>>> print(open('upload_26.pdb').read())   # PDB, C-alpha atoms, pLDDT in the B column
ATOM      1  CA  VAL A 396     -19.251  -8.939 -42.364  1.00 93.00           C
ATOM      2  CA  PHE A 397     -15.801  -7.469 -41.637  1.00 93.00           C
ATOM      3  CA  THR A 398     -15.259  -6.672 -45.328  1.00 94.00           C
ATOM      4  CA  LEU A 399     -18.729  -5.199 -45.812  1.00 93.00           C
ATOM      5  CA  PHE A 400     -18.946  -3.015 -42.728  1.00 94.00           C
ATOM      6  CA  TRP A 401     -15.308  -2.057 -42.083  1.00 93.00           C
ATOM      7  CA  LEU A 402     -12.884  -2.696 -44.939  1.00 95.00           C
ATOM      8  CA  TYR A 403     -15.065  -1.478 -47.835  1.00 96.00           C
ATOM      9  CA  PRO A 404     -16.167   1.761 -46.091  1.00 93.00           C
ATOM     10  CA  LEU A 405     -12.545   2.437 -45.117  1.00 95.00           C
ATOM     11  CA  VAL A 406     -11.234   2.009 -48.662  1.00 95.00           C
ATOM     12  CA  TYR A 407     -14.140   3.904 -50.217  1.00 94.00           C
ATOM     13  CA  ALA A 408     -13.773   6.780 -47.748  1.00 94.00           C
ATOM     14  CA  GLY A 409     -10.082   6.887 -48.666  1.00 95.00           C
ATOM     15  CA  TYR A 410     -11.052   7.258 -52.321  1.00 95.00           C
ATOM     16  CA  LEU A 411     -13.647   9.939 -51.539  1.00 94.00           C
ATOM     17  CA  SER A 412     -11.064  11.933 -49.590  1.00 95.00           C
ATOM     18  CA  PHE A 413      -9.396  12.689 -52.915  1.00 96.00           C
ATOM     19  CA  CYS A 414     -12.672  13.708 -54.563  1.00 94.00           C
ATOM     20  CA  ASP A 415     -15.303  16.394 -54.592  1.00 93.00           C
ATOM     21  CA  TYR A 416     -18.380  14.271 -53.887  1.00 89.00           C
ATOM     22  CA  GLU A 417     -22.008  15.369 -53.660  1.00 81.00           C
ATOM     23  CA  SER A 418     -24.175  12.967 -51.661  1.00 79.00           C
ATOM     24  CA  LEU A 419     -27.508  13.917 -53.248  1.00 78.00           C
ATOM     25  CA  THR A 420     -26.395  13.547 -56.858  1.00 80.00           C
ATOM     26  CA  SER A 421     -23.474  11.097 -56.381  1.00 81.00           C
ATOM     27  CA  ARG A 422     -21.391  13.382 -58.582  1.00 85.00           C
ATOM     28  CA  THR A 423     -17.720  12.567 -58.074  1.00 89.00           C
ATOM     29  CA  ARG A 424     -14.783  14.652 -59.320  1.00 91.00           C
ATOM     30  CA  PHE A 425     -11.177  13.736 -58.543  1.00 94.00           C
ATOM     31  CA  ILE A 426      -9.322  16.731 -57.055  1.00 94.00           C
ATOM     32  CA  GLY A 427      -6.186  15.125 -55.583  1.00 93.00           C
ATOM     33  CA  PHE A 428      -4.920  16.473 -52.259  1.00 95.00           C
ATOM     34  CA  GLU A 429      -7.109  19.587 -52.279  1.00 96.00           C
ATOM     35  CA  ASN A 430      -9.317  18.280 -49.447  1.00 96.00           C
ATOM     36  CA  TYR A 431      -6.278  17.567 -47.272  1.00 96.00           C
ATOM     37  CA  LYS A 432      -4.855  21.038 -47.944  1.00 96.00           C
ATOM     38  CA  ARG A 433      -8.202  22.486 -46.993  1.00 95.00           C
ATOM     39  CA  VAL A 434      -8.282  20.521 -43.725  1.00 96.00           C
ATOM     40  CA  PHE A 435      -4.983  21.930 -42.508  1.00 96.00           C
ATOM     41  CA  SER A 436      -5.929  25.489 -43.486  1.00 96.00           C
ATOM     42  CA  ASP A 437      -9.436  25.350 -41.980  1.00 96.00           C
ATOM     43  CA  PRO A 438      -9.631  27.380 -38.725  1.00 96.00           C
ATOM     44  CA  LEU A 439     -12.717  25.414 -37.650  1.00 96.00           C
ATOM     45  CA  PHE A 440     -10.777  22.136 -37.881  1.00 97.00           C
ATOM     46  CA  TRP A 441      -8.127  23.506 -35.517  1.00 97.00           C
ATOM     47  CA  THR A 442     -10.830  24.807 -33.176  1.00 97.00           C
ATOM     48  CA  ALA A 443     -12.366  21.318 -33.115  1.00 97.00           C
ATOM     49  CA  PHE A 444      -8.929  19.800 -32.609  1.00 97.00           C
ATOM     50  CA  LYS A 445      -8.259  22.134 -29.660  1.00 97.00           C
ATOM     51  CA  ASN A 446     -11.624  21.330 -28.061  1.00 97.00           C
ATOM     52  CA  THR A 447     -11.071  17.588 -28.516  1.00 97.00           C
ATOM     53  CA  ALA A 448      -7.522  17.792 -27.132  1.00 97.00           C
ATOM     54  CA  ILE A 449      -8.710  19.748 -24.076  1.00 97.00           C
ATOM     55  CA  PHE A 450     -11.533  17.277 -23.532  1.00 98.00           C
ATOM     56  CA  THR A 451      -9.129  14.319 -23.711  1.00 97.00           C
ATOM     57  CA  LEU A 452      -6.299  15.829 -21.660  1.00 97.00           C
ATOM     58  CA  VAL A 453      -8.660  16.814 -18.832  1.00 97.00           C
ATOM     59  CA  THR A 454     -11.120  13.922 -18.677  1.00 97.00           C
ATOM     60  CA  VAL A 455      -8.698  10.997 -19.087  1.00 97.00           C
ATOM     61  CA  PRO A 456      -6.465  11.735 -16.037  1.00 97.00           C
ATOM     62  CA  ILE A 457      -9.385  12.716 -13.789  1.00 98.00           C
ATOM     63  CA  THR A 458     -11.538   9.742 -14.792  1.00 97.00           C
ATOM     64  CA  THR A 459      -8.622   7.330 -14.387  1.00 97.00           C
ATOM     65  CA  ALA A 460      -7.644   8.715 -10.980  1.00 97.00           C
ATOM     66  CA  LEU A 461     -11.218   8.669  -9.649  1.00 97.00           C
ATOM     67  CA  ALA A 462     -11.868   5.171 -10.998  1.00 97.00           C
ATOM     68  CA  LEU A 463      -8.666   3.912  -9.393  1.00 96.00           C
ATOM     69  CA  PHE A 464      -9.508   5.581  -6.072  1.00 95.00           C
ATOM     70  CA  VAL A 465     -13.057   4.187  -5.967  1.00 94.00           C
ATOM     71  CA  ALA A 466     -11.908   0.701  -7.025  1.00 94.00           C
ATOM     72  CA  ASN A 467      -9.259   0.622  -4.307  1.00 92.00           C
ATOM     73  CA  LEU A 468     -11.769   1.835  -1.728  1.00 91.00           C
ATOM     74  CA  LEU A 469     -14.377  -0.777  -2.682  1.00 90.00           C
ATOM     75  CA  ASN A 470     -11.711  -3.482  -2.655  1.00 89.00           C
ATOM     76  CA  GLN A 471     -11.153  -3.034   1.083  1.00 84.00           C
ATOM     77  CA  LYS A 472     -12.553  -5.609   3.493  1.00 78.00           C
ATOM     78  CA  PHE A 473     -13.987  -3.070   5.949  1.00 75.00           C
ATOM     79  CA  VAL A 474     -16.336  -1.388   3.443  1.00 74.00           C
ATOM     80  CA  ARG A 475     -19.979  -2.358   4.008  1.00 81.00           C
ATOM     81  CA  PHE A 476     -22.509  -2.820   1.186  1.00 84.00           C
ATOM     82  CA  LYS A 477     -19.690  -3.161  -1.351  1.00 83.00           C
ATOM     83  CA  ASN A 478     -21.871  -4.865  -3.945  1.00 86.00           C
ATOM     84  CA  PHE A 479     -24.447  -2.090  -3.725  1.00 89.00           C
ATOM     85  CA  PHE A 480     -21.869   0.648  -4.231  1.00 89.00           C
ATOM     86  CA  ARG A 481     -20.201  -1.223  -7.093  1.00 89.00           C
ATOM     87  CA  SER A 482     -23.534  -1.497  -8.856  1.00 90.00           C
ATOM     88  CA  ALA A 483     -24.408   2.134  -8.110  1.00 91.00           C
ATOM     89  CA  PHE A 484     -21.172   3.400  -9.638  1.00 92.00           C
ATOM     90  CA  PHE A 485     -21.475   1.077 -12.651  1.00 93.00           C
ATOM     91  CA  VAL A 486     -25.115   1.799 -13.599  1.00 93.00           C
ATOM     92  CA  PRO A 487     -24.427   5.158 -15.372  1.00 93.00           C
ATOM     93  CA  SER A 488     -21.979   3.471 -17.765  1.00 90.00           C
ATOM     94  CA  ILE A 489     -24.654   1.084 -19.039  1.00 91.00           C
ATOM     95  CA  THR A 490     -27.386   3.703 -19.266  1.00 93.00           C
ATOM     96  CA  SER A 491     -28.149   5.229 -22.672  1.00 94.00           C
ATOM     97  CA  ILE A 492     -25.839   8.190 -23.301  1.00 94.00           C
ATOM     98  CA  VAL A 493     -28.697   9.981 -25.050  1.00 95.00           C
ATOM     99  CA  VAL A 494     -30.901   9.676 -21.958  1.00 95.00           C
ATOM    100  CA  ILE A 495     -28.115  10.912 -19.683  1.00 96.00           C
ATOM    101  CA  ALA A 496     -27.340  13.806 -22.045  1.00 96.00           C
ATOM    102  CA  VAL A 497     -30.992  14.899 -22.044  1.00 95.00           C
ATOM    103  CA  ILE A 498     -31.130  14.735 -18.232  1.00 96.00           C
ATOM    104  CA  PHE A 499     -27.940  16.786 -17.855  1.00 96.00           C
ATOM    105  CA  SER A 500     -29.168  19.289 -20.452  1.00 95.00           C
ATOM    106  CA  ASN A 501     -32.077  19.994 -18.109  1.00 95.00           C
ATOM    107  CA  LEU A 502     -29.800  20.128 -15.067  1.00 95.00           C
ATOM    108  CA  TYR A 503     -27.559  22.638 -16.857  1.00 95.00           C
ATOM    109  CA  SER A 504     -30.407  24.822 -18.157  1.00 93.00           C
ATOM    110  CA  THR A 505     -31.045  28.397 -16.969  1.00 91.00           C
ATOM    111  CA  ASP A 506     -33.751  27.296 -14.523  1.00 90.00           C
ATOM    112  CA  GLY A 507     -32.279  23.840 -13.881  1.00 91.00           C
ATOM    113  CA  TYR A 508     -31.475  22.298 -10.512  1.00 92.00           C
ATOM    114  CA  ILE A 509     -27.813  23.349 -10.564  1.00 93.00           C
ATOM    115  CA  ASN A 510     -28.582  27.038 -11.061  1.00 92.00           C
ATOM    116  CA  THR A 511     -31.425  26.829  -8.547  1.00 92.00           C
ATOM    117  CA  MET A 512     -29.137  25.411  -5.850  1.00 93.00           C
ATOM    118  CA  LEU A 513     -26.420  27.967  -6.600  1.00 91.00           C
ATOM    119  CA  LYS A 514     -28.969  30.783  -6.260  1.00 90.00           C
ATOM    120  CA  TRP A 515     -30.042  29.372  -2.888  1.00 94.00           C
ATOM    121  CA  VAL A 516     -26.530  29.850  -1.521  1.00 93.00           C
ATOM    122  CA  GLY A 517     -26.020  33.212  -3.256  1.00 91.00           C
ATOM    123  CA  LEU A 518     -23.501  32.107  -5.892  1.00 90.00           C
ATOM    124  CA  PRO A 519     -23.463  33.542  -9.444  1.00 89.00           C
ATOM    125  CA  THR A 520     -24.916  31.480 -12.318  1.00 89.00           C
ATOM    126  CA  PRO A 521     -24.453  31.668 -16.110  1.00 88.00           C
ATOM    127  CA  SER A 522     -27.264  33.812 -17.515  1.00 82.00           C
ATOM    128  CA  MET A 523     -27.664  31.576 -20.597  1.00 89.00           C
ATOM    129  CA  GLY A 524     -27.310  28.332 -18.670  1.00 90.00           C
ATOM    130  CA  TRP A 525     -24.186  26.205 -18.421  1.00 95.00           C
ATOM    131  CA  LEU A 526     -24.438  24.937 -21.998  1.00 95.00           C
ATOM    132  CA  GLY A 527     -25.226  28.366 -23.463  1.00 94.00           C
ATOM    133  CA  ASN A 528     -22.051  29.997 -22.179  1.00 92.00           C
ATOM    134  CA  GLU A 529     -18.787  29.682 -24.129  1.00 93.00           C
ATOM    135  CA  ALA A 530     -16.697  29.428 -20.962  1.00 93.00           C
ATOM    136  CA  THR A 531     -18.783  26.738 -19.257  1.00 95.00           C
ATOM    137  CA  ALA A 532     -20.240  24.616 -22.086  1.00 96.00           C
ATOM    138  CA  LEU A 533     -17.282  22.316 -22.695  1.00 97.00           C
ATOM    139  CA  PRO A 534     -16.350  21.924 -18.987  1.00 97.00           C
ATOM    140  CA  SER A 535     -19.995  21.030 -18.260  1.00 96.00           C
ATOM    141  CA  ILE A 536     -19.944  18.214 -20.825  1.00 97.00           C
ATOM    142  CA  MET A 537     -16.562  17.074 -19.514  1.00 97.00           C
ATOM    143  CA  ALA A 538     -17.945  16.876 -15.970  1.00 97.00           C
ATOM    144  CA  MET A 539     -20.858  14.759 -17.182  1.00 97.00           C
ATOM    145  CA  ASP A 540     -18.530  12.456 -19.112  1.00 96.00           C
ATOM    146  CA  ILE A 541     -16.325  11.938 -16.051  1.00 96.00           C
ATOM    147  CA  TRP A 542     -19.358  11.047 -13.914  1.00 96.00           C
ATOM    148  CA  LEU A 543     -20.574   8.723 -16.658  1.00 94.00           C
ATOM    149  CA  SER A 544     -17.273   6.883 -17.181  1.00 95.00           C
ATOM    150  CA  VAL A 545     -15.864   6.398 -13.675  1.00 96.00           C
ATOM    151  CA  GLY A 546     -17.975   3.328 -12.903  1.00 95.00           C
ATOM    152  CA  TYR A 547     -16.935   1.420 -16.032  1.00 96.00           C
ATOM    153  CA  TYR A 548     -13.211   1.892 -15.481  1.00 97.00           C
ATOM    154  CA  MET A 549     -13.694   1.212 -11.761  1.00 96.00           C
ATOM    155  CA  VAL A 550     -14.913  -2.281 -12.644  1.00 95.00           C
ATOM    156  CA  LEU A 551     -11.813  -2.882 -14.791  1.00 96.00           C
ATOM    157  CA  PHE A 552      -9.502  -1.752 -11.980  1.00 96.00           C
ATOM    158  CA  LEU A 553     -11.462  -3.811  -9.462  1.00 94.00           C
ATOM    159  CA  ALA A 554     -11.046  -6.922 -11.609  1.00 94.00           C
ATOM    160  CA  GLY A 555      -7.304  -6.298 -11.753  1.00 94.00           C
ATOM    161  CA  MET A 556      -7.054  -5.782  -8.002  1.00 93.00           C
ATOM    162  CA  GLN A 557      -8.975  -8.949  -7.196  1.00 91.00           C
ATOM    163  CA  SER A 558      -6.531 -10.988  -9.282  1.00 92.00           C
ATOM    164  CA  ILE A 559      -3.631  -9.999  -6.987  1.00 91.00           C
ATOM    165  CA  PRO A 560      -2.657 -12.900  -4.672  1.00 91.00           C
ATOM    166  CA  GLN A 561      -3.673 -12.282  -1.063  1.00 88.00           C
ATOM    167  CA  ASP A 562      -0.283 -13.632   0.071  1.00 90.00           C
ATOM    168  CA  TYR A 563       1.352 -10.327  -0.914  1.00 90.00           C
ATOM    169  CA  TYR A 564      -0.881  -8.390   1.460  1.00 88.00           C
ATOM    170  CA  ASP A 565      -0.422 -10.956   4.253  1.00 87.00           C
ATOM    171  CA  VAL A 566       3.345 -10.485   4.078  1.00 91.00           C
ATOM    172  CA  ALA A 567       2.847  -6.708   4.106  1.00 89.00           C
ATOM    173  CA  GLU A 568       0.685  -7.059   7.227  1.00 86.00           C
ATOM    174  CA  LEU A 569       3.502  -8.931   8.974  1.00 88.00           C
ATOM    175  CA  SER A 570       5.844  -6.080   8.029  1.00 85.00           C
ATOM    176  CA  ASP A 571       3.443  -3.503   9.517  1.00 86.00           C
ATOM    177  CA  ALA A 572       3.025  -1.798   6.147  1.00 87.00           C
ATOM    178  CA  SER A 573       0.533   1.062   5.987  1.00 87.00           C
ATOM    179  CA  GLY A 574      -2.427   1.154   3.626  1.00 85.00           C
ATOM    180  CA  TRP A 575      -0.589   3.592   1.344  1.00 89.00           C
ATOM    181  CA  GLN A 576       2.527   1.376   1.275  1.00 91.00           C
ATOM    182  CA  LYS A 577       0.405  -1.636   0.331  1.00 89.00           C
ATOM    183  CA  PHE A 578      -1.209   0.294  -2.492  1.00 92.00           C
ATOM    184  CA  TRP A 579       2.010   1.820  -3.828  1.00 92.00           C
ATOM    185  CA  HIS A 580       4.235  -1.259  -3.573  1.00 92.00           C
ATOM    186  CA  ILE A 581       1.730  -4.079  -4.230  1.00 92.00           C
ATOM    187  CA  THR A 582      -1.538  -2.897  -5.793  1.00 93.00           C
ATOM    188  CA  PHE A 583      -0.275  -0.256  -8.196  1.00 93.00           C
ATOM    189  CA  PRO A 584       2.583  -2.293  -9.759  1.00 94.00           C
ATOM    190  CA  SER A 585       0.281  -5.302 -10.135  1.00 94.00           C
ATOM    191  CA  ILE A 586      -2.420  -3.408 -12.055  1.00 95.00           C
ATOM    192  CA  ARG A 587      -0.134  -1.506 -14.448  1.00 95.00           C
ATOM    193  CA  PRO A 588      -1.325  -3.555 -17.467  1.00 95.00           C
ATOM    194  CA  VAL A 589      -4.930  -2.695 -16.545  1.00 96.00           C
ATOM    195  CA  LEU A 590      -3.945   0.958 -16.088  1.00 97.00           C
ATOM    196  CA  LEU A 591      -2.406   1.047 -19.564  1.00 97.00           C
ATOM    197  CA  PHE A 592      -5.536  -0.559 -21.032  1.00 97.00           C
ATOM    198  CA  VAL A 593      -7.804   1.948 -19.272  1.00 97.00           C
ATOM    199  CA  VAL A 594      -5.772   4.963 -20.397  1.00 97.00           C
ATOM    200  CA  VAL A 595      -5.649   3.803 -24.031  1.00 97.00           C
ATOM    201  CA  LEU A 596      -9.358   2.894 -24.083  1.00 96.00           C
ATOM    202  CA  ASN A 597     -10.383   6.139 -22.413  1.00 96.00           C
ATOM    203  CA  THR A 598      -8.192   8.216 -24.732  1.00 97.00           C
ATOM    204  CA  ILE A 599      -9.760   6.643 -27.828  1.00 96.00           C
ATOM    205  CA  LYS A 600     -13.251   7.129 -26.388  1.00 95.00           C
ATOM    206  CA  SER A 601     -12.571  10.761 -25.506  1.00 96.00           C
ATOM    207  CA  PHE A 602     -11.100  11.542 -28.917  1.00 94.00           C
ATOM    208  CA  GLN A 603     -14.246  10.139 -30.513  1.00 95.00           C
ATOM    209  CA  ILE A 604     -16.667  12.151 -28.367  1.00 95.00           C
ATOM    210  CA  PHE A 605     -19.820  12.768 -30.399  1.00 96.00           C
ATOM    211  CA  VAL A 606     -23.179  11.743 -28.918  1.00 95.00           C
ATOM    212  CA  GLU A 607     -22.967  14.130 -25.973  1.00 95.00           C
ATOM    213  CA  ILE A 608     -22.091  17.032 -28.282  1.00 96.00           C
ATOM    214  CA  TYR A 609     -24.830  16.160 -30.765  1.00 96.00           C
ATOM    215  CA  VAL A 610     -27.562  15.912 -28.132  1.00 96.00           C
ATOM    216  CA  MET A 611     -26.540  18.748 -25.819  1.00 96.00           C
ATOM    217  CA  THR A 612     -25.023  21.595 -27.857  1.00 95.00           C
ATOM    218  CA  LYS A 613     -24.691  20.765 -31.590  1.00 95.00           C
ATOM    219  CA  GLY A 614     -21.169  22.202 -31.323  1.00 95.00           C
ATOM    220  CA  GLY A 615     -22.286  25.549 -29.876  1.00 92.00           C
ATOM    221  CA  PRO A 616     -22.207  28.124 -28.572  1.00 93.00           C
ATOM    222  CA  LEU A 617     -19.972  29.672 -31.260  1.00 93.00           C
ATOM    223  CA  ASN A 618     -18.175  26.323 -31.829  1.00 95.00           C
ATOM    224  CA  ALA A 619     -17.071  26.208 -28.184  1.00 96.00           C
ATOM    225  CA  THR A 620     -17.964  22.491 -28.044  1.00 97.00           C
ATOM    226  CA  THR A 621     -17.327  21.487 -31.668  1.00 97.00           C
ATOM    227  CA  THR A 622     -15.178  18.344 -31.623  1.00 97.00           C
ATOM    228  CA  LEU A 623     -13.453  16.510 -34.446  1.00 97.00           C
ATOM    229  CA  VAL A 624     -15.976  13.706 -34.870  1.00 97.00           C
ATOM    230  CA  TYR A 625     -18.908  16.124 -34.661  1.00 97.00           C
ATOM    231  CA  LEU A 626     -17.262  18.322 -37.308  1.00 97.00           C
ATOM    232  CA  ILE A 627     -16.818  15.293 -39.580  1.00 96.00           C
ATOM    233  CA  TYR A 628     -20.479  14.352 -39.077  1.00 96.00           C
ATOM    234  CA  ASP A 629     -21.623  17.923 -39.753  1.00 95.00           C
ATOM    235  CA  ASN A 630     -19.729  18.118 -43.039  1.00 93.00           C
ATOM    236  CA  ALA A 631     -20.705  14.625 -44.193  1.00 92.00           C
ATOM    237  CA  PHE A 632     -24.362  14.359 -43.242  1.00 91.00           C
ATOM    238  CA  VAL A 633     -25.662  17.880 -42.550  1.00 91.00           C
ATOM    239  CA  LYS A 634     -24.086  19.919 -45.340  1.00 85.00           C
ATOM    240  CA  MET A 635     -24.495  16.886 -47.668  1.00 80.00           C
ATOM    241  CA  ASP A 636     -22.100  18.197 -50.367  1.00 83.00           C
ATOM    242  CA  GLU A 637     -18.924  17.891 -48.272  1.00 91.00           C
ATOM    243  CA  MET A 638     -18.548  14.096 -48.062  1.00 92.00           C
ATOM    244  CA  GLY A 639     -15.122  14.178 -49.723  1.00 94.00           C
ATOM    245  CA  TYR A 640     -13.885  16.874 -47.345  1.00 95.00           C
ATOM    246  CA  ALA A 641     -15.335  14.990 -44.370  1.00 95.00           C
ATOM    247  CA  SER A 642     -13.566  11.804 -45.515  1.00 95.00           C
ATOM    248  CA  ALA A 643     -10.245  13.640 -45.732  1.00 96.00           C
ATOM    249  CA  MET A 644     -10.828  15.045 -42.254  1.00 96.00           C
ATOM    250  CA  ALA A 645     -11.633  11.557 -40.947  1.00 96.00           C
ATOM    251  CA  PHE A 646      -8.356  10.190 -42.306  1.00 96.00           C
ATOM    252  CA  VAL A 647      -6.409  13.055 -40.731  1.00 95.00           C
ATOM    253  CA  VAL A 648      -8.038  12.268 -37.401  1.00 93.00           C
ATOM    254  CA  PHE A 649      -7.334   8.551 -37.884  1.00 91.00           C
TER     255      PHE A 649
END
>>> encode(input="upload_26.pdb", output="structure tokens")
Amino acid sequence: VFTLFWLYPLVYAGYLSFCDYESLTSRTRFIGFENYKRVFSDPLFWTAFKNTAIFTLVTVPITTALALFVANLLNQKFVRFKNFFRSAFFVPSITSIVVIAVIFSNLYSTDGYINTMLKWVGLPTPSMGWLGNEATALPSIMAMDIWLSVGYYMVLFLAGMQSIPQDYYDVAELSDASGWQKFWHITFPSIRPVLLFVVVLNTIKSFQIFVEIYVMTKGGPLNATTTLVYLIYDNAFVKMDEMGYASAMAFVVF
């Protein structure tokens, strides 16, 4: 299974990256490093790279910080209905991304709930909707992704926090340590391995952002939301005669 679904496609894609390959006719012509030269000279590739980098650099820190804050809050003894809130925060992360993307597409539309509420309070709204405006399209998808991801990483942080021996906190209580001192000197150092795992996992996930882009904007408007993986998909499976170029792009991203 590993060889069939991972190793063979990887090796074959590596071969195709050095070829001009047409999917419909299976015509293959070896062209050397021409695809790789084309990748680095393609303005659209660098646009996609910039969008992906912005998406990653903004969403990863915010998602991590919010997940850590919520996990620490729900780990406190005084919080009521903790199980309910844990479930409520976690549910979006196990809901179909396609379903969530469709819902948010409607929320972000010209006559959606967000614009309606902003009009109620007299605030300006994008005339083409949040996803139809170059300045707001990518931030809108980023906001949705943050909301979608916080609950999953919260559970990981919560698991790390609950593995910390209670004795540490009992000693801190005897020393009259504040809540912030307990977090900074006990909780945070103890969950550093979990923090590293979350950051790495979230970075990989953000760099591979695709479904949200495909469902909500198709890379528009004017490539404002085109990301690397969506660009690879577009060249490989929409244009149909750019599989070799898409393979070279995939290896550059890898």
>>> resolve_selection(input="upload_26.pdb", expression="the PyMOL selection byres ((chain A and resi 622) around 7)", output="ChimeraX atom specification")
/A:443-444,446-447,620-621,623-626
>>> residues_around(input="upload_26.pdb", residues="A:Tyr431", least_positions_apart="2", cutoff="8 Å", atoms="only C-alpha atoms", output="short mmCIF file (atom, residue, chain, number, x, y, z; two decimals) with C-alpha atoms, in the coordinates of the input")
data_model
loop_
_atom_site.label_atom_id
_atom_site.label_comp_id
_atom_site.auth_asym_id
_atom_site.auth_seq_id
_atom_site.Cartn_x
_atom_site.Cartn_y
_atom_site.Cartn_z
CA SER A 412 -11.06 11.93 -49.59
CA PHE A 428 -4.92 16.47 -52.26
CA GLU A 429 -7.11 19.59 -52.28
CA ARG A 433 -8.20 22.49 -46.99
CA VAL A 434 -8.28 20.52 -43.72
CA PHE A 435 -4.98 21.93 -42.51
CA TYR A 640 -13.88 16.87 -47.34
CA ALA A 643 -10.24 13.64 -45.73
CA MET A 644 -10.83 15.04 -42.25
CA VAL A 647 -6.41 13.06 -40.73
#
>>> closest_atom_pairs(input="upload_26.pdb", of="stretch 495-591 of chain A", to="stretch 452-476 of chain A", cutoff="7 Å", atoms="only C-alpha atoms", output="tab-separated table")
residue	atom	partner	partner_atom	distance
A:Met537	CA	A:Thr454	CA	6.3
A:Ile541	CA	A:Thr458	CA	5.4
A:Ser544	CA	A:Thr458	CA	6.8
A:Val545	CA	A:Ala462	CA	5.0
A:Gly546	CA	A:Ala462	CA	6.7
A:Tyr548	CA	A:Ala462	CA	5.7
A:Met549	CA	A:Ala462	CA	4.4
A:Phe552	CA	A:Ala466	CA	6.0
A:Leu553	CA	A:Ala466	CA	5.1
>>> closest_atom_pairs(input="upload_26.pdb", of="stretch 458-566 of chain A", to="stretch 581-588 of chain A", cutoff="10 Å", atoms="all atoms listed in the file", output="tab-separated table")
residue	atom	partner	partner_atom	distance
A:Leu463	CA	A:Phe583	CA	9.4
A:Asn467	CA	A:Thr582	CA	8.6
A:Leu551	CA	A:Ile586	CA	9.8
A:Phe552	CA	A:Ile586	CA	7.3
A:Leu553	CA	A:Ile586	CA	9.4
A:Ala554	CA	A:Ile586	CA	9.3
A:Gly555	CA	A:Ile586	CA	5.7
A:Met556	CA	A:Ile586	CA	6.6
A:Gln557	CA	A:Thr582	CA	9.7
A:Ser558	CA	A:Ser585	CA	8.9
A:Ile559	CA	A:Ser585	CA	6.9
A:Pro560	CA	A:Ser585	CA	9.8
A:Tyr563	CA	A:Ile581	CA	7.1
A:Tyr564	CA	A:Ile581	CA	7.6
>>> atom_distance(input="upload_26.pdb", atom1="atom CA of A:Gly639", atom2="atom CA of A:Phe413")
6.7 Å
>>> atom_distance(input="upload_26.pdb", atom1="atom CA of A:Ser482", atom2="atom CA of A:Ser500")
24.5 Å
>>> atom_distance(input="upload_26.pdb", atom1="atom CA of A:Leu405", atom2="atom CA of A:Ile536")
29.9 Å
>>> closest_residue(input="upload_26.pdb", among="A:Phe400, A:Leu419, A:Leu533, A:Val606", to="A:Ile492", atoms="all atoms listed in the file")
A:Val606
>>> resolve_selection(input="upload_26.pdb", expression="the PyMOL selection byres ((chain A and resi 617) around 12)", output="PyMOL selection string")
chain A and resi 439+442-443+526-530+532-533+612-616+618-621
>>> axis_aligned_box(input="upload_26.pdb", around="stretch 497-503 of chain A", padding_each_side="3 Å", output="lines of an AutoDock Vina configuration file")
center_x = -29.8
center_y = 18.7
center_z = -18.6
size_x = 10.5
size_y = 13.9
size_z = 13.0
>>> residues_around(input="upload_26.pdb", residues="A:Gly524", least_positions_apart="6", cutoff="10 Å", atoms="all atoms listed in the file", output="ChimeraX atom specification")
/A:500-507,509-510,531-532
>>> closest_residue(input="upload_26.pdb", among="A:Phe480, A:Ala448, A:Leu402, A:Asn430", to="A:Asp415", atoms="all atoms listed in the file")
A:Asn430
>>> build_atoms(input="upload_26.pdb", residues="stretch 641-648 of chain A", atoms="N, CA, C and O atoms", output="PDB file, in the coordinates of the input")
ATOM      1  N   ALA A 641     -15.154  15.696 -45.642  1.00 95.00           N
ATOM      2  CA  ALA A 641     -15.335  14.990 -44.370  1.00 95.00           C
ATOM      3  C   ALA A 641     -14.485  13.725 -44.334  1.00 95.00           C
ATOM      4  O   ALA A 641     -13.910  13.378 -43.292  1.00 95.00           O
ATOM      5  N   SER A 642     -14.383  13.016 -45.449  1.00 95.00           N
ATOM      6  CA  SER A 642     -13.566  11.804 -45.515  1.00 95.00           C
ATOM      7  C   SER A 642     -12.100  12.124 -45.321  1.00 95.00           C
ATOM      8  O   SER A 642     -11.379  11.405 -44.615  1.00 95.00           O
ATOM      9  N   ALA A 643     -11.647  13.222 -45.923  1.00 96.00           N
ATOM     10  CA  ALA A 643     -10.245  13.640 -45.732  1.00 96.00           C
ATOM     11  C   ALA A 643      -9.995  13.996 -44.269  1.00 96.00           C
ATOM     12  O   ALA A 643      -8.968  13.617 -43.684  1.00 96.00           O
ATOM     13  N   MET A 644     -10.940  14.691 -43.662  1.00 96.00           N
ATOM     14  CA  MET A 644     -10.828  15.045 -42.254  1.00 96.00           C
ATOM     15  C   MET A 644     -10.778  13.799 -41.370  1.00 96.00           C
ATOM     16  O   MET A 644     -10.002  13.716 -40.411  1.00 96.00           O
ATOM     17  N   ALA A 645     -11.604  12.802 -41.716  1.00 96.00           N
ATOM     18  CA  ALA A 645     -11.633  11.557 -40.947  1.00 96.00           C
ATOM     19  C   ALA A 645     -10.288  10.844 -41.017  1.00 96.00           C
ATOM     20  O   ALA A 645      -9.818  10.283 -40.015  1.00 96.00           O
ATOM     21  N   PHE A 646      -9.651  10.852 -42.176  1.00 96.00           N
ATOM     22  CA  PHE A 646      -8.356  10.190 -42.306  1.00 96.00           C
ATOM     23  C   PHE A 646      -7.259  10.950 -41.574  1.00 96.00           C
ATOM     24  O   PHE A 646      -6.325  10.336 -41.032  1.00 96.00           O
ATOM     25  N   VAL A 647      -7.364  12.266 -41.522  1.00 95.00           N
ATOM     26  CA  VAL A 647      -6.409  13.055 -40.731  1.00 95.00           C
ATOM     27  C   VAL A 647      -6.556  12.726 -39.258  1.00 95.00           C
ATOM     28  O   VAL A 647      -5.564  12.512 -38.544  1.00 95.00           O
ATOM     29  N   VAL A 648      -7.787  12.636 -38.792  1.00 93.00           N
ATOM     30  CA  VAL A 648      -8.038  12.268 -37.401  1.00 93.00           C
ATOM     31  C   VAL A 648      -7.540  10.858 -37.117  1.00 93.00           C
ATOM     32  O   VAL A 648      -6.936  10.589 -36.074  1.00 93.00           O
TER      33      VAL A 648
END
